[in-house]
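Visitor: The structure file input-v2.cif (mmCIF, C-alpha atoms) is provided below.
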```cif
data_target
#
loop_
_atom_site.label_atom_id
_atom_site.label_comp_id
_atom_site.auth_asym_id
_atom_site.auth_seq_id
_atom_site.Cartn_x
_atom_site.Cartn_y
_atom_site.Cartn_z
CA MET K 1 38.62 -59.00 254.68
CA SER K 2 37.94 -55.29 254.66
CA ALA K 3 38.07 -53.14 251.53
CA THR K 4 38.19 -49.37 251.25
CA ARG K 5 37.52 -48.92 247.53
CA VAL K 6 36.81 -50.73 244.30
CA VAL K 7 38.19 -49.70 240.92
CA PRO K 8 36.78 -51.43 237.83
CA ILE K 9 39.14 -51.81 234.87
CA TYR K 10 37.64 -52.17 231.39
CA THR K 11 39.40 -53.13 228.19
CA ALA K 12 38.78 -50.85 225.22
CA ASN K 13 38.94 -51.67 221.53
CA ASP K 14 40.23 -48.15 220.83
CA LEU K 15 41.44 -46.62 224.07
CA GLU K 16 41.83 -43.08 222.72
CA LYS K 17 38.24 -43.14 221.40
CA THR K 18 36.95 -44.55 224.71
CA VAL K 19 38.77 -41.95 226.83
CA ALA K 20 37.46 -39.17 224.56
CA TRP K 21 33.89 -40.52 224.95
CA TYR K 22 34.13 -40.57 228.76
CA ARG K 23 35.57 -37.04 228.73
CA ASP K 24 33.51 -35.36 226.00
CA ILE K 25 30.17 -37.22 226.13
CA PHE K 26 30.04 -38.58 229.66
CA GLY K 27 31.66 -35.62 231.47
CA ALA K 28 34.61 -37.31 233.19
CA GLN K 29 37.86 -35.75 234.27
CA ILE K 30 40.88 -37.59 232.88
CA GLY K 31 43.25 -38.82 235.57
CA GLN K 32 46.40 -40.79 234.91
CA THR K 33 47.42 -41.97 231.46
CA PHE K 34 50.04 -44.52 230.48
CA GLU K 35 51.80 -44.92 227.16
CA HIS K 36 53.96 -47.67 225.73
CA GLU K 37 56.06 -47.00 222.64
CA GLY K 38 54.06 -43.83 221.94
CA MET K 39 50.66 -45.54 222.19
CA LEU K 40 48.06 -44.91 224.91
CA VAL K 41 47.69 -48.21 226.82
CA GLY K 42 45.99 -47.16 230.06
CA ALA K 43 43.94 -44.31 231.49
CA SER K 44 41.73 -43.43 234.41
CA VAL K 45 38.66 -41.21 234.48
CA HIS K 46 37.07 -39.61 237.53
CA TYR K 47 33.65 -38.44 238.66
CA GLY K 48 34.35 -36.86 242.01
CA ALA K 49 35.69 -39.67 244.21
CA VAL K 50 34.61 -42.39 241.75
CA GLU K 51 37.34 -43.75 239.48
CA LEU K 52 37.19 -46.01 236.42
CA TRP K 53 40.24 -47.44 234.63
CA PHE K 54 40.66 -48.50 231.03
CA THR K 55 43.33 -50.45 229.18
CA GLN K 56 43.87 -51.02 225.49
CA ASP K 57 42.62 -54.50 224.60
CA ASP K 58 45.38 -56.72 223.19
CA PHE K 59 42.69 -58.77 221.39
CA ALA K 60 44.19 -62.04 222.65
CA LYS K 61 40.60 -63.29 223.10
CA GLY K 62 39.52 -62.04 219.68
CA GLN K 63 38.54 -58.65 218.27
CA ASP K 64 34.84 -59.33 217.93
CA ARG K 65 34.09 -60.61 221.42
CA GLU K 66 31.21 -58.97 223.26
CA LYS K 67 32.28 -56.75 226.11
CA GLY K 68 30.32 -56.01 229.23
CA ALA K 69 27.86 -58.89 228.90
CA GLY K 70 26.33 -59.55 232.30
CA PHE K 71 28.09 -56.61 233.92
CA ARG K 72 26.92 -53.08 234.70
CA ILE K 73 28.28 -50.18 236.74
CA ILE K 74 25.84 -48.04 238.70
CA LEU K 75 26.99 -44.50 239.43
CA GLU K 76 24.95 -42.84 242.17
CA THR K 77 24.70 -39.07 242.15
CA ASP K 78 22.88 -36.27 243.93
CA GLN K 79 22.51 -34.42 240.62
CA ASN K 80 19.34 -34.23 238.53
CA VAL K 81 19.48 -37.32 236.29
CA ASP K 82 17.11 -35.80 233.72
CA GLU K 83 19.55 -32.93 233.19
CA LEU K 84 22.51 -35.33 233.08
CA ALA K 85 20.77 -37.54 230.50
CA ALA K 86 19.83 -34.52 228.38
CA GLY K 87 23.43 -33.29 228.44
CA ILE K 88 24.78 -36.68 227.41
CA GLN K 89 22.31 -36.81 224.52
CA GLU K 90 23.18 -33.25 223.45
CA ARG K 91 26.86 -34.24 223.32
CA GLY K 92 26.10 -37.26 221.10
CA GLY K 93 25.60 -40.04 223.65
CA GLU K 94 22.83 -42.60 223.29
CA ILE K 95 20.47 -43.15 226.20
CA LEU K 96 19.53 -46.85 226.42
CA SER K 97 16.67 -46.36 228.87
CA GLY K 98 15.12 -43.71 231.11
CA PRO K 99 15.30 -41.48 232.89
CA GLU K 100 12.56 -43.20 234.81
CA ASP K 101 11.41 -43.69 238.40
CA GLN K 102 11.90 -47.11 239.95
CA GLU K 103 9.75 -48.68 242.64
CA TRP K 104 12.75 -48.93 244.98
CA GLY K 105 12.94 -45.13 245.23
CA VAL K 106 15.47 -44.02 242.63
CA ARG K 107 15.31 -42.24 239.29
CA MET K 108 17.78 -43.58 236.76
CA PHE K 109 18.87 -43.89 233.16
CA ALA K 110 21.29 -46.13 231.29
CA VAL K 111 23.95 -45.63 228.61
CA ALA K 112 26.54 -47.83 226.90
CA ASP K 113 30.09 -46.73 226.21
CA PRO K 114 31.74 -47.22 222.79
CA ASP K 115 32.69 -50.81 223.68
CA GLY K 116 29.23 -51.75 224.95
CA PHE K 117 29.88 -51.56 228.70
CA LYS K 118 26.64 -50.48 230.36
CA ILE K 119 26.42 -47.73 232.97
CA THR K 120 23.37 -46.72 234.97
CA ILE K 121 23.16 -43.26 236.56
CA SER K 122 20.91 -43.24 239.61
CA THR K 123 19.72 -40.74 242.19
CA PRO K 124 17.18 -40.90 245.03
CA MET K 125 13.84 -39.62 243.72
CA ALA K 126 13.79 -36.91 246.39
CA ALA K 127 16.90 -35.38 244.72
CA ASN K 128 15.03 -34.63 241.46
#
```
Step by step, read the file and then write its structure as structure tokens.

Guide:
Amino acid sequence: MSATRVVPIYTANDLEKTVAWYRDIFGAQIGQTFEHEGMLVGASVHYGAVELWFTQDDFAKGQDREKGAGFRIILETDQNVDELAAGIQERGGEILSGPEDQEWGVRMFAVADPDGFKITISTPMAAN
């Protein structure tokens, strides 16, 4: 097998709130959106060539289930992660850890989206 891209799809408890968080707090561009009977049911967000998708959870597995357990997305960037983290905090986002240097040569920080999905932003230390 050979793949040319991967696109994670998350389920959101409140898709409109999640899309707004990725746009307003996390700095994404909104891509495609899909509605069903006047309700937002799907959306994509973009960071350059990186794309994430979200769907409205139908709660078939329960409304209180933990999301994102054991799963994390790492977004690599050539931007200054300290400035990115500060901007996210200024816009109301919560930094879970960092920014901090790692022994494997990156500087990174972590956040969680409104549904608890964890995202790490990483850059080579030479880029800071």

Visitor: Quick one: apply the PyMOL selection byres ((chain K and resi 103-106) around 6) to the file and drop the selected residues here as a list in words.

Guide: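 So the PyMOL selection byres ((chain K and resi 103-106) around 6), applied here, picks out Asp101, Gln102, Arg107, Thr123, Pro124 and Met125 of chain K.
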
Visitor: Pick out the residues sitting within 12 Å of Ile88 in chain K, and hand them over as a list of chain:residue names; count all atoms listed in the file, and ignore anything fewer than 6 positions along from it in its own chain.

Guide: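 Here the qualifying residues turn out to be K:Trp21, K:Tyr22, K:Arg23, K:Asp24, K:Ile25, K:Phe26, K:Gly27, K:Ala28, K:Val81, K:Asp82, K:Glu94, K:Ile95, K:Leu96, K:Pro99, K:Phe109, K:Ala110, K:Val111, K:Ala112, K:Asp113, K:Ile121.
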
Visitor: Figure out the distance between CA of Arg5 in chain K and CA of Phe34 in chain K, please, to one decimal in Å.

Guide: 21.6 Å

Visitor: What does the distance from CA of Gly62 in chain K to CA of Asp115 in chain K come to in Å, to one decimal?

Guide: 13.7 Å

Visitor: Would you kindly translate the PyMOL selection byres ((chain K and resi 13-20) around 12) into the concrete residues it picks from this file, as a PyMOL selection string?

Guide: chain K and resi 10-12+21-35+39-46+52-67+91+93+112-117

Visitor: If I take CA of Ser97 in chain K and CA of Thr120 in chain K, how far is one from the other in Å, to one decimal?

Guide: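 According to the coordinates, CA of Ser97 in chain K and CA of Thr120 in chain K are separated by 9.1 Å.
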
Visitor: May I have the protein, DNA and RNA residues with an atom at most 6 Å from (26.4, -43.6, 238.8), counting only C-alpha atoms in the file's coordinates, returned as an MDAnalysis selection string?

Guide: chainID K and resid 74:77 120:122

Visitor: Hey, can you spit out that residue selection with C-alpha atoms as a JSON list (two decimals), keeping the file's coordinate frame?

Guide:
```
[["chain", "number", "residue", "atom", "x", "y", "z"],
["K", 74, "ILE", "CA", 25.84, -48.04, 238.70],
["K", 75, "LEU", "CA", 26.99, -44.50, 239.43],
["K", 76, "GLU", "CA", 24.95, -42.84, 242.17],
["K", 77, "THR", "CA", 24.70, -39.07, 242.15],
["K", 120, "THR", "CA", 23.37, -46.72, 234.97],
["K", 121, "ILE", "CA", 23.16, -43.26, 236.56],
["K", 122, "SER", "CA", 20.91, -43.24, 239.61]]
```

Visitor: Could you check which of K:Phe71, K:Gly38, K:Ala3, K:Glu83 is closest to Lys118 in chain K, using only C-alpha atoms?

Guide: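 When distances to Lys118 in chain K are compared using only C-alpha atoms, the smallest one comes from K:Phe71.
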
Visitor: Could you tell me which of K:Met1, K:Ala126, K:Val50, K:Ala85 comes closest to Met108 in chain K if we count all atoms listed in the file?

Guide: K:Ala85
